[in-house]
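final_23.pdb follows; it contains PDB, C-alpha atoms and all ligand atoms.
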ATOM      1  CA  MET A   1      14.288  10.973  -5.680  1.00  0.00           C
ATOM      2  CA  SER A   2      13.896  14.686  -5.014  1.00  0.00           C
ATOM      3  CA  GLY A   3      17.364  15.419  -3.657  1.00  0.00           C
ATOM      4  CA  HIS A   4      15.703  17.126  -0.695  1.00  0.00           C
ATOM      5  CA  ARG A   5      17.364  15.666   2.401  1.00  0.00           C
ATOM      6  CA  LEU A   6      17.614  16.621   6.056  1.00  0.00           C
ATOM      7  CA  LEU A   7      21.320  16.290   6.701  1.00  0.00           C
ATOM      8  CA  GLN A   8      22.242  19.362   8.657  1.00  0.00           C
ATOM      9  CA  GLY A   9      20.777  22.490  10.225  1.00  0.00           C
ATOM     10  CA  LYS A  10      17.598  22.860  12.213  1.00  0.00           C
ATOM     11  CA  VAL A  11      14.345  21.072  11.450  1.00  0.00           C
ATOM     12  CA  VAL A  12      10.979  22.101  12.880  1.00  0.00           C
ATOM     13  CA  ILE A  13       8.614  19.498  14.335  1.00  0.00           C
ATOM     14  CA  ALA A  14       5.323  21.193  13.487  1.00  0.00           C
ATOM     15  CA  THR A  15       3.251  20.146  16.479  1.00  0.00           C
ATOM     16  CA  HIS A  16       1.986  21.534  19.759  1.00  0.00           C
ATOM     17  CA  ASN A  17       1.053  18.000  20.951  1.00  0.00           C
ATOM     18  CA  GLN A  18       3.556  16.935  23.636  1.00  0.00           C
ATOM     19  CA  GLY A  19       2.949  13.186  23.120  1.00  0.00           C
ATOM     20  CA  LYS A  20       3.684  13.378  19.393  1.00  0.00           C
ATOM     21  CA  LEU A  21       6.637  15.670  19.984  1.00  0.00           C
ATOM     22  CA  ARG A  22       8.192  13.187  22.408  1.00  0.00           C
ATOM     23  CA  GLU A  23       7.751  10.319  19.921  1.00  0.00           C
ATOM     24  CA  MET A  24       9.148  12.346  17.002  1.00  0.00           C
ATOM     25  CA  ARG A  25      12.178  13.384  19.065  1.00  0.00           C
ATOM     26  CA  GLU A  26      12.813   9.729  19.958  1.00  0.00           C
ATOM     27  CA  LEU A  27      12.445   8.614  16.330  1.00  0.00           C
ATOM     28  CA  MET A  28      14.757  11.362  15.028  1.00  0.00           C
ATOM     29  CA  ALA A  29      17.391  10.961  17.790  1.00  0.00           C
ATOM     30  CA  PRO A  30      19.772   8.591  15.904  1.00  0.00           C
ATOM     31  CA  TYR A  31      20.045  10.975  12.943  1.00  0.00           C
ATOM     32  CA  GLY A  32      21.704  13.855  14.774  1.00  0.00           C
ATOM     33  CA  VAL A  33      19.296  16.439  13.326  1.00  0.00           C
ATOM     34  CA  ASP A  34      18.854  19.616  15.375  1.00  0.00           C
ATOM     35  CA  LEU A  35      15.123  19.670  16.213  1.00  0.00           C
ATOM     36  CA  VAL A  36      12.993  22.551  17.401  1.00  0.00           C
ATOM     37  CA  SER A  37       9.233  22.403  17.932  1.00  0.00           C
ATOM     38  CA  ALA A  38       6.658  24.806  16.518  1.00  0.00           C
ATOM     39  CA  GLY A  39       5.689  25.549  20.138  1.00  0.00           C
ATOM     40  CA  GLU A  40       9.270  26.489  21.078  1.00  0.00           C
ATOM     41  CA  LEU A  41       9.437  28.857  18.092  1.00  0.00           C
ATOM     42  CA  GLY A  42       6.116  30.414  19.090  1.00  0.00           C
ATOM     43  CA  LEU A  43       4.582  29.538  15.696  1.00  0.00           C
ATOM     44  CA  PRO A  44       0.767  29.726  15.536  1.00  0.00           C
ATOM     45  CA  GLU A  45      -1.292  26.535  15.112  1.00  0.00           C
ATOM     46  CA  PRO A  46      -2.931  26.728  11.654  1.00  0.00           C
ATOM     47  CA  GLU A  47      -6.574  25.735  11.167  1.00  0.00           C
ATOM     48  CA  GLU A  48      -6.684  22.036  10.179  1.00  0.00           C
ATOM     49  CA  ASN A  49      -9.491  22.203   7.626  1.00  0.00           C
ATOM     50  CA  GLY A  50      -8.373  19.396   5.294  1.00  0.00           C
ATOM     51  CA  HIS A  51     -10.541  16.365   4.518  1.00  0.00           C
ATOM     52  CA  MET A  52      -7.740  13.814   4.815  1.00  0.00           C
ATOM     53  CA  PHE A  53      -4.894  13.185   7.263  1.00  0.00           C
ATOM     54  CA  SER A  54      -2.407  13.984   4.489  1.00  0.00           C
ATOM     55  CA  GLU A  55      -4.028  17.378   3.791  1.00  0.00           C
ATOM     56  CA  ASN A  56      -3.895  18.394   7.446  1.00  0.00           C
ATOM     57  CA  ALA A  57      -0.282  17.249   7.775  1.00  0.00           C
ATOM     58  CA  ALA A  58       0.616  19.343   4.710  1.00  0.00           C
ATOM     59  CA  ILE A  59      -1.216  22.397   6.132  1.00  0.00           C
ATOM     60  CA  LYS A  60       0.829  22.162   9.359  1.00  0.00           C
ATOM     61  CA  ALA A  61       4.190  21.399   7.717  1.00  0.00           C
ATOM     62  CA  VAL A  62       3.865  24.132   5.077  1.00  0.00           C
ATOM     63  CA  ALA A  63       2.748  26.734   7.655  1.00  0.00           C
ATOM     64  CA  SER A  64       5.782  25.988   9.871  1.00  0.00           C
ATOM     65  CA  ALA A  65       8.248  25.869   6.953  1.00  0.00           C
ATOM     66  CA  GLN A  66       7.014  29.194   5.589  1.00  0.00           C
ATOM     67  CA  ALA A  67       6.932  30.920   8.989  1.00  0.00           C
ATOM     68  CA  SER A  68      10.360  29.664  10.096  1.00  0.00           C
ATOM     69  CA  GLY A  69      12.325  29.433   6.830  1.00  0.00           C
ATOM     70  CA  LEU A  70      13.352  25.907   7.921  1.00  0.00           C
ATOM     71  CA  PRO A  71      12.323  22.412   6.756  1.00  0.00           C
ATOM     72  CA  ALA A  72       9.347  21.276   8.850  1.00  0.00           C
ATOM     73  CA  ILE A  73       7.856  17.854   9.602  1.00  0.00           C
ATOM     74  CA  ALA A  74       4.201  17.469  10.618  1.00  0.00           C
ATOM     75  CA  ASP A  75       2.213  14.406  11.607  1.00  0.00           C
ATOM     76  CA  ASP A  76      -1.548  14.247  11.274  1.00  0.00           C
ATOM     77  CA  SER A  77      -2.905  11.144  12.817  1.00  0.00           C
ATOM     78  CA  GLY A  78      -5.922   9.550  14.376  1.00  0.00           C
ATOM     79  CA  LEU A  79      -7.817   6.426  15.318  1.00  0.00           C
ATOM     80  CA  CYS A  80     -10.353   5.074  12.793  1.00  0.00           C
ATOM     81  CA  ILE A  81     -12.888   2.561  14.149  1.00  0.00           C
ATOM     82  CA  ASP A  82     -14.684   0.375  11.593  1.00  0.00           C
ATOM     83  CA  ALA A  83     -17.965   0.067  13.540  1.00  0.00           C
ATOM     84  CA  LEU A  84     -18.092   3.881  13.892  1.00  0.00           C
ATOM     85  CA  ASP A  85     -17.673   4.434  10.147  1.00  0.00           C
ATOM     86  CA  GLY A  86     -14.092   5.567  10.679  1.00  0.00           C
ATOM     87  CA  ALA A  87     -14.739   7.905  13.649  1.00  0.00           C
ATOM     88  CA  PRO A  88     -13.145   9.573  15.518  1.00  0.00           C
ATOM     89  CA  GLY A  89     -10.717   9.699  12.536  1.00  0.00           C
ATOM     90  CA  LEU A  90      -9.796  13.260  11.624  1.00  0.00           C
ATOM     91  CA  PHE A  91     -11.575  14.390  14.787  1.00  0.00           C
ATOM     92  CA  SER A  92      -9.550  12.206  17.182  1.00  0.00           C
ATOM     93  CA  ALA A  93      -8.077  15.229  18.974  1.00  0.00           C
ATOM     94  CA  ASN A  94     -11.459  17.073  19.023  1.00  0.00           C
ATOM     95  CA  TRP A  95     -13.162  14.229  20.915  1.00  0.00           C
ATOM     96  CA  ALA A  96     -10.931  15.148  23.868  1.00  0.00           C
ATOM     97  CA  GLY A  97     -12.280  18.717  23.872  1.00  0.00           C
ATOM     98  CA  PRO A  98     -10.307  21.946  24.270  1.00  0.00           C
ATOM     99  CA  GLY A  99      -8.847  20.717  27.591  1.00  0.00           C
ATOM    100  CA  LYS A 100      -7.401  17.671  25.721  1.00  0.00           C
ATOM    101  CA  ASN A 101      -8.925  15.383  28.333  1.00  0.00           C
ATOM    102  CA  PHE A 102      -8.989  11.807  27.030  1.00  0.00           C
ATOM    103  CA  VAL A 103     -11.077  10.343  29.859  1.00  0.00           C
ATOM    104  CA  PRO A 104     -14.354  11.489  28.223  1.00  0.00           C
ATOM    105  CA  ALA A 105     -12.981  10.688  24.744  1.00  0.00           C
ATOM    106  CA  LEU A 106     -12.265   7.062  25.716  1.00  0.00           C
ATOM    107  CA  ALA A 107     -15.689   6.832  27.397  1.00  0.00           C
ATOM    108  CA  ARG A 108     -17.348   8.192  24.245  1.00  0.00           C
ATOM    109  CA  VAL A 109     -15.666   5.496  22.115  1.00  0.00           C
ATOM    110  CA  GLN A 110     -17.067   2.827  24.457  1.00  0.00           C
ATOM    111  CA  ALA A 111     -20.544   4.414  24.479  1.00  0.00           C
ATOM    112  CA  GLU A 112     -20.668   4.662  20.660  1.00  0.00           C
ATOM    113  CA  LEU A 113     -19.522   1.037  20.289  1.00  0.00           C
ATOM    114  CA  ALA A 114     -22.122  -0.120  22.835  1.00  0.00           C
ATOM    115  CA  LYS A 115     -24.860   1.797  20.965  1.00  0.00           C
ATOM    116  CA  ARG A 116     -23.985  -0.222  17.853  1.00  0.00           C
ATOM    117  CA  GLY A 117     -23.886  -3.514  19.742  1.00  0.00           C
ATOM    118  CA  ALA A 118     -20.151  -3.908  19.069  1.00  0.00           C
ATOM    119  CA  THR A 119     -19.394  -6.251  21.944  1.00  0.00           C
ATOM    120  CA  THR A 120     -17.197  -8.948  20.360  1.00  0.00           C
ATOM    121  CA  SER A 121     -13.608  -8.549  19.113  1.00  0.00           C
ATOM    122  CA  ASP A 122     -14.558  -8.909  15.453  1.00  0.00           C
ATOM    123  CA  LYS A 123     -16.875  -5.878  15.741  1.00  0.00           C
ATOM    124  CA  ARG A 124     -14.251  -3.743  17.517  1.00  0.00           C
ATOM    125  CA  ARG A 125     -11.659  -3.408  14.744  1.00  0.00           C
ATOM    126  CA  GLY A 126      -9.776  -0.163  14.304  1.00  0.00           C
ATOM    127  CA  HIS A 127      -6.546   1.298  13.030  1.00  0.00           C
ATOM    128  CA  PHE A 128      -4.286   4.242  13.683  1.00  0.00           C
ATOM    129  CA  VAL A 129      -3.090   6.290  10.712  1.00  0.00           C
ATOM    130  CA  SER A 130      -0.133   8.660  10.616  1.00  0.00           C
ATOM    131  CA  ALA A 131       0.450  10.958   7.656  1.00  0.00           C
ATOM    132  CA  LEU A 132       3.877  12.575   7.885  1.00  0.00           C
ATOM    133  CA  VAL A 133       4.646  15.496   5.589  1.00  0.00           C
ATOM    134  CA  ILE A 134       8.003  17.236   5.262  1.00  0.00           C
ATOM    135  CA  ALA A 135       7.829  20.681   3.715  1.00  0.00           C
ATOM    136  CA  TRP A 136      10.826  22.780   2.711  1.00  0.00           C
ATOM    137  CA  PRO A 137      10.786  26.596   2.537  1.00  0.00           C
ATOM    138  CA  ASP A 138      11.203  26.359  -1.277  1.00  0.00           C
ATOM    139  CA  GLY A 139       7.724  24.781  -1.497  1.00  0.00           C
ATOM    140  CA  HIS A 140       8.799  21.163  -2.047  1.00  0.00           C
ATOM    141  CA  GLN A 141       6.920  18.623   0.086  1.00  0.00           C
ATOM    142  CA  GLU A 142       6.833  14.845   0.547  1.00  0.00           C
ATOM    143  CA  LEU A 143       4.227  12.567   2.175  1.00  0.00           C
ATOM    144  CA  PHE A 144       4.752   9.257   4.022  1.00  0.00           C
ATOM    145  CA  GLU A 145       1.913   7.188   5.562  1.00  0.00           C
ATOM    146  CA  GLY A 146       1.872   4.448   8.182  1.00  0.00           C
ATOM    147  CA  ARG A 147      -0.963   2.365   9.664  1.00  0.00           C
ATOM    148  CA  VAL A 148      -1.356  -0.182  12.433  1.00  0.00           C
ATOM    149  CA  TYR A 149      -4.428  -2.428  12.771  1.00  0.00           C
ATOM    150  CA  GLY A 150      -5.884  -3.809  15.983  1.00  0.00           C
ATOM    151  CA  GLU A 151      -8.783  -4.044  18.385  1.00  0.00           C
ATOM    152  CA  ILE A 152     -10.524  -1.539  20.656  1.00  0.00           C
ATOM    153  CA  ILE A 153     -10.615  -3.190  24.064  1.00  0.00           C
ATOM    154  CA  HIS A 154     -13.415  -2.672  26.617  1.00  0.00           C
ATOM    155  CA  GLU A 155     -11.475  -1.139  29.519  1.00  0.00           C
ATOM    156  CA  PRO A 156      -8.467   1.215  29.247  1.00  0.00           C
ATOM    157  CA  ARG A 157      -5.180  -0.488  30.204  1.00  0.00           C
ATOM    158  CA  GLY A 158      -1.763   1.009  30.897  1.00  0.00           C
ATOM    159  CA  PRO A 159      -0.318   4.372  31.924  1.00  0.00           C
ATOM    160  CA  SER A 160       2.050   4.946  28.979  1.00  0.00           C
ATOM    161  CA  GLY A 161       1.764   6.851  25.733  1.00  0.00           C
ATOM    162  CA  PHE A 162      -0.998   9.358  25.088  1.00  0.00           C
ATOM    163  CA  GLY A 163      -4.464   9.805  23.583  1.00  0.00           C
ATOM    164  CA  TYR A 164      -6.215   6.536  22.699  1.00  0.00           C
ATOM    165  CA  ASP A 165      -3.215   4.292  23.558  1.00  0.00           C
ATOM    166  CA  PRO A 166      -4.876   2.584  26.591  1.00  0.00           C
ATOM    167  CA  ILE A 167      -7.784   1.159  24.513  1.00  0.00           C
ATOM    168  CA  PHE A 168      -5.845   0.069  21.406  1.00  0.00           C
ATOM    169  CA  LYS A 169      -4.357  -3.453  21.250  1.00  0.00           C
ATOM    170  CA  PRO A 170      -2.380  -3.976  18.041  1.00  0.00           C
ATOM    171  CA  ASP A 171      -2.867  -7.302  16.236  1.00  0.00           C
ATOM    172  CA  GLY A 172      -0.580 -10.087  17.408  1.00  0.00           C
ATOM    173  CA  ARG A 173       0.218  -8.416  20.748  1.00  0.00           C
ATOM    174  CA  ALA A 174      -1.165  -9.037  24.227  1.00  0.00           C
ATOM    175  CA  LYS A 175      -0.519  -5.483  25.449  1.00  0.00           C
ATOM    176  CA  THR A 176      -2.259  -2.233  24.575  1.00  0.00           C
ATOM    177  CA  PHE A 177      -0.128   0.696  23.382  1.00  0.00           C
ATOM    178  CA  GLY A 178      -0.741   2.130  26.868  1.00  0.00           C
ATOM    179  CA  GLU A 179       1.014  -0.879  28.421  1.00  0.00           C
ATOM    180  CA  MET A 180       4.063  -0.728  26.125  1.00  0.00           C
ATOM    181  CA  SER A 181       7.383   0.996  26.648  1.00  0.00           C
ATOM    182  CA  SER A 182       8.131   3.704  24.085  1.00  0.00           C
ATOM    183  CA  ASP A 183      10.624   1.319  22.499  1.00  0.00           C
ATOM    184  CA  GLU A 184       7.992  -1.422  22.089  1.00  0.00           C
ATOM    185  CA  LYS A 185       5.471   1.052  20.627  1.00  0.00           C
ATOM    186  CA  HIS A 186       7.637   3.026  18.233  1.00  0.00           C
ATOM    187  CA  GLY A 187      11.162   1.634  18.330  1.00  0.00           C
ATOM    188  CA  VAL A 188      12.626   1.102  14.861  1.00  0.00           C
ATOM    189  CA  PRO A 189      14.236  -2.368  14.640  1.00  0.00           C
ATOM    190  CA  ASP A 190      17.962  -2.380  13.753  1.00  0.00           C
ATOM    191  CA  ASP A 191      17.438  -5.168  11.217  1.00  0.00           C
ATOM    192  CA  GLY A 192      15.268  -2.919   9.048  1.00  0.00           C
ATOM    193  CA  SER A 193      12.053  -4.869   9.765  1.00  0.00           C
ATOM    194  CA  GLU A 194       8.793  -2.989  10.217  1.00  0.00           C
ATOM    195  CA  ALA A 195       8.224  -0.964  13.390  1.00  0.00           C
ATOM    196  CA  LEU A 196       4.912  -1.359  15.237  1.00  0.00           C
ATOM    197  CA  SER A 197       3.233   2.016  15.525  1.00  0.00           C
ATOM    198  CA  HIS A 198       1.640   3.965  12.672  1.00  0.00           C
ATOM    199  CA  ARG A 199       3.953   6.944  13.333  1.00  0.00           C
ATOM    200  CA  ALA A 200       7.107   4.797  13.423  1.00  0.00           C
ATOM    201  CA  ARG A 201       6.053   3.069  10.182  1.00  0.00           C
ATOM    202  CA  ALA A 202       5.550   6.426   8.436  1.00  0.00           C
ATOM    203  CA  PHE A 203       8.836   7.601   9.923  1.00  0.00           C
ATOM    204  CA  GLN A 204      10.728   4.565   8.522  1.00  0.00           C
ATOM    205  CA  LEU A 205       9.621   5.627   5.027  1.00  0.00           C
ATOM    206  CA  LEU A 206      10.592   9.248   5.687  1.00  0.00           C
ATOM    207  CA  ALA A 207      13.995   8.226   7.061  1.00  0.00           C
ATOM    208  CA  ALA A 208      14.731   6.050   4.018  1.00  0.00           C
ATOM    209  CA  ALA A 209      13.923   8.962   1.697  1.00  0.00           C
ATOM    210  CA  CYS A 210      15.342  11.967   3.533  1.00  0.00           C
ATOM    211  CA  LEU A 211      17.697  11.044   6.396  1.00  0.00           C
ATOM    212  CA  ARG A 212      21.165   9.519   6.689  1.00  0.00           C
ATOM    213  CA  LEU A 213      22.727   8.098   9.859  1.00  0.00           C
ATOM    214  CA  PRO A 214      25.862  10.017  10.864  1.00  0.00           C
ATOM    215  CA  GLN A 215      29.068   8.170   9.798  1.00  0.00           C
TER     216      GLN A 215
HETATM  217  P1  LIG B 301      -3.860  15.691  15.342  1.00  0.00           P
HETATM  218  O1  LIG B 301      -3.067  14.878  14.352  1.00  0.00           O
HETATM  219  O2  LIG B 301      -3.039  16.738  16.019  1.00  0.00           O
HETATM  220  O3  LIG B 301      -5.145  16.186  14.766  1.00  0.00           O
HETATM  221  O4  LIG B 301      -4.261  14.751  16.553  1.00  0.00           O
HETATM  222  C1  LIG B 301      -4.221  13.390  16.470  1.00  0.00           C
HETATM  223  C2  LIG B 301      -4.960  12.774  17.633  1.00  0.00           C
HETATM  224  O5  LIG B 301      -5.083  11.382  17.327  1.00  0.00           O
HETATM  225  C3  LIG B 301      -4.197  12.831  18.937  1.00  0.00           C
HETATM  226  O6  LIG B 301      -4.543  13.924  19.721  1.00  0.00           O
HETATM  227  C4  LIG B 301      -4.649  11.541  19.597  1.00  0.00           C
HETATM  228  O7  LIG B 301      -5.908  11.732  20.121  1.00  0.00           O
HETATM  229  C5  LIG B 301      -4.823  10.586  18.431  1.00  0.00           C
HETATM  230  N1  LIG B 301      -3.578   9.852  18.213  1.00  0.00           N
HETATM  231  C6  LIG B 301      -2.711   9.975  17.166  1.00  0.00           C
HETATM  232  N2  LIG B 301      -1.667   9.152  17.303  1.00  0.00           N
HETATM  233  C7  LIG B 301      -1.853   8.503  18.462  1.00  0.00           C
HETATM  234  C8  LIG B 301      -1.078   7.531  19.153  1.00  0.00           C
HETATM  235  O8  LIG B 301       0.025   7.123  18.772  1.00  0.00           O
HETATM  236  N3  LIG B 301      -1.615   7.105  20.312  1.00  0.00           N
HETATM  237  C9  LIG B 301      -2.798   7.537  20.793  1.00  0.00           C
HETATM  238  N4  LIG B 301      -3.549   8.447  20.211  1.00  0.00           N
HETATM  239  C10 LIG B 301      -3.080   8.935  19.037  1.00  0.00           C
END
Show me this structure written as structure tokens.
Ligand code: IMP
Amino acid sequence: MSGHRLLQGKVVIATHNQGKLREMRELMAPYGVDLVSAGELGLPEPEENGHMFSENAAIKAVASAQASGLPAIADDSGLCIDALDGAPGLFSANWAGPGKNFVPALARVQAELAKRGATTSDKRRGHFVSALVIAWPDGHQELFEGRVYGEIIHEPRGPSGFGYDPIFKPDGRAKTFGEMSSDEKHGVPDDGSEALSHRARAFQLLAAACLRLPQ
């Protein structure tokens, strides 16, 4: 136990990705922490040149904590597809290009799977990973990781969420992330059981270590 907690004052969400920002705001809402995004503070986006999700999350969290003098939380996440040797993985955002257009990115996933003959469910396994790092201005940092396993479906389904949500169907569910409400995708159950999404699962670990519900 580090003694580093987020009980009062502002906390930076170190992202310029609106989808992630929305989810992080929803996850943090019950804790009464005053959130500000890196975009709102005008902080630059650092180069993500790590070789693991956790390294990139640390790069973003440390950059925001140092630039703002506030504790900062960063998520680095992506979709890893078994038949594509883990791609798009760390490059999940890059596959959408500078315009962040996921129509070609989703089409590329399908094309790469087709090239490898991955037509049946068992050959279309994948998982999302979220590495969440909190960094404090004094240099202390903590890492929390969440994963969710599922299948890459053939045709995108559902208007909700962001990124690869319309082609990812988590195990045990009939809907894709794109067909789920935000509560179904990343709601944290009151009974303390495990949330569904990779980001919510990482967040549950972070909350247990660093957050307290207001009395
Ligand atoms: P980065 O962590 O900013 O490098 O970007 C992560 C990328 O992974 C996002 O731009 C999305 O393409 C993808 N991604 C991460 N989490 C999710 C999710 O919950 N749903 C859909 N796509 C996601």
### Message
Give me, as a ChimeraX atom specification, all polymer residues having an atom no more than 10 Å from stretch 155-166 of chain A, counting only C-alpha atoms and skipping those fewer than 5 positions away in the same chain.
### Response
/A:17-20,22-23,78-79,92-93,96,100-103,105-107,109-110,128,175-182,185
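With the shown file loaded, the PyMOL selection byres (((chain A and resi 13) around 8) and not hetatm) picks out Val11, Val12, Ala14, Thr15, Leu21, Met24, Leu35, Val36, Ser37, Ala38, Ala72, Ile73 and Ala74 of chain A.
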### Query
Closest to ligand LIG 301 (chain B) among A:Ala67, A:Met28, A:Val33, A:Leu196, using only C-alpha atoms and all ligand atoms?
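That would be A:Leu196, the residue with the smallest distance to ligand LIG 301 (chain B).
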### Task
Kindly indicate which residue among A:Asn94, A:Gln215, A:Gln141, A:Ser68 lies nearest to ligand LIG 301 (chain B), using all atoms listed in the file for the distances.
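Among the listed residues, the smallest separation from ligand LIG 301 (chain B) belongs to A:Asn94.
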### Message
From (-15.4, 4.6, 11.5), in the file's coordinates, out to 12 Å: which residues are reached, counting all atoms listed in the file? Answer as a list of chain:residue names.
### Response
A:Gly78, A:Leu79, A:Cys80, A:Ile81, A:Asp82, A:Ala83, A:Leu84, A:Asp85, A:Gly86, A:Ala87, A:Pro88, A:Gly89, A:Leu90, A:Phe91, A:Ser92, A:Val109, A:Glu112, A:Leu113, A:Arg116, A:Lys123, A:Arg124, A:Arg125, A:Gly126, A:His127, A:Phe128
### Task
Quote the spacing between atom CA of A:Gly146 and atom CA of A:Ser130 in Å to one decimal place.
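Here the two named atoms are 5.3 Å from each other.
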### Task
Could you please determine the separation between atom CA of A:Phe53 and atom O3 of ligand LIG 301 (chain B) in Å, to one decimal place?
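One can read the atom CA of A:Phe53 to atom O3 of ligand LIG 301 (chain B) distance as 8.1 Å.
Reported to one decimal place, the separation of atom CA of A:Ala135 from atom CA of A:Pro44 is 16.5 Å.
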As JSON, please report the centre and edge lengths, rounded to one decimal in Å, of the axis-aligned box that holds all listed atoms of stretch 42-49 of chain A with 4 Å of padding on each of the six sides.
{"center_x": -1.7, "center_y": 26.2, "center_z": 13.4, "size_x": 23.6, "size_y": 16.4, "size_z": 19.5}
### Task
Name all residues at most 12 Å from A:Ala207 (count only C-alpha atoms; drop same-chain ones fewer than 6 positions away) and give them as an MDAnalysis selection string.
chainID A and resid 4:7 24 27:31 33 73 132:134 142:144 188 192 199:201 213
### Task
Return the single residue from A:Asp76, A:Ser121, A:Glu26, A:Lys169 that is closest to A:Gly50, with distances computed using only C-alpha atoms.
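Closest to A:Gly50, using only C-alpha atoms: A:Asp76.
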### Query
For A:Ala195, which of A:Cys210, A:Arg147, A:Ile152, A:Pro46 is the closest residue, counting only C-alpha atoms?
A:Arg147
Starting from the structure just given, write a file holding stretch 80-97 of chain A with N, CA and C atoms, as a JSON list (two decimals), in the first residue's frame.
[["chain", "number", "residue", "atom", "x", "y", "z"],
["A", 80, "CYS", "N", -6.23, -7.12, -29.42],
["A", 80, "CYS", "CA", -5.21, -8.09, -29.84],
["A", 80, "CYS", "C", -5.93, -9.30, -30.42],
["A", 81, "ILE", "N", -5.65, -9.61, -31.69],
["A", 81, "ILE", "CA", -6.36, -10.72, -32.36],
["A", 81, "ILE", "C", -5.39, -11.88, -32.55],
["A", 82, "ASP", "N", -5.77, -13.05, -32.02],
["A", 82, "ASP", "CA", -4.86, -14.21, -32.01],
["A", 82, "ASP", "C", -4.36, -14.54, -33.41],
["A", 83, "ALA", "N", -5.31, -14.63, -34.38],
["A", 83, "ALA", "CA", -4.93, -15.07, -35.74],
["A", 83, "ALA", "C", -4.04, -14.05, -36.45],
["A", 84, "LEU", "N", -3.98, -12.82, -35.92],
["A", 84, "LEU", "CA", -3.12, -11.78, -36.51],
["A", 84, "LEU", "C", -1.88, -11.56, -35.65],
["A", 85, "ASP", "N", -1.50, -12.60, -34.91],
["A", 85, "ASP", "CA", -0.32, -12.51, -34.03],
["A", 85, "ASP", "C", -0.39, -11.31, -33.09],
["A", 86, "GLY", "N", -1.59, -11.02, -32.62],
["A", 86, "GLY", "CA", -1.74, -9.93, -31.63],
["A", 86, "GLY", "C", -2.04, -8.57, -32.23],
["A", 87, "ALA", "N", -2.01, -8.43, -33.56],
["A", 87, "ALA", "CA", -2.35, -7.14, -34.19],
["A", 87, "ALA", "C", -3.86, -6.91, -34.07],
["A", 88, "PRO", "N", -4.33, -5.65, -34.13],
["A", 88, "PRO", "CA", -3.54, -4.42, -34.23],
["A", 88, "PRO", "C", -2.81, -4.05, -32.94],
["A", 89, "GLY", "N", -3.21, -4.58, -31.78],
["A", 89, "GLY", "CA", -2.43, -4.43, -30.55],
["A", 89, "GLY", "C", -2.08, -2.99, -30.23],
["A", 90, "LEU", "N", -0.78, -2.75, -30.04],
["A", 90, "LEU", "CA", -0.32, -1.40, -29.71],
["A", 90, "LEU", "C", -0.66, -0.40, -30.79],
["A", 91, "PHE", "N", -0.94, -0.90, -32.00],
["A", 91, "PHE", "CA", -1.19, -0.01, -33.14],
["A", 91, "PHE", "C", -2.68, 0.13, -33.44],
["A", 92, "SER", "N", -3.53, -0.20, -32.46],
["A", 92, "SER", "CA", -4.99, -0.17, -32.67],
["A", 92, "SER", "C", -5.45, 1.21, -33.14],
["A", 93, "ALA", "N", -4.94, 2.26, -32.52],
["A", 93, "ALA", "CA", -5.35, 3.62, -32.93],
["A", 93, "ALA", "C", -4.79, 3.94, -34.32],
["A", 94, "ASN", "N", -3.54, 3.51, -34.58],
["A", 94, "ASN", "CA", -2.89, 3.84, -35.88],
["A", 94, "ASN", "C", -3.63, 3.25, -37.07],
["A", 95, "TRP", "N", -4.26, 2.08, -36.89],
["A", 95, "TRP", "CA", -4.97, 1.45, -38.01],
["A", 95, "TRP", "C", -6.11, 2.33, -38.51],
["A", 96, "ALA", "N", -6.54, 3.28, -37.66],
["A", 96, "ALA", "CA", -7.62, 4.19, -38.09],
["A", 96, "ALA", "C", -7.08, 5.42, -38.80],
["A", 97, "GLY", "N", -5.75, 5.54, -38.88],
["A", 97, "GLY", "CA", -5.14, 6.66, -39.60],
["A", 97, "GLY", "C", -5.26, 7.97, -38.84]]
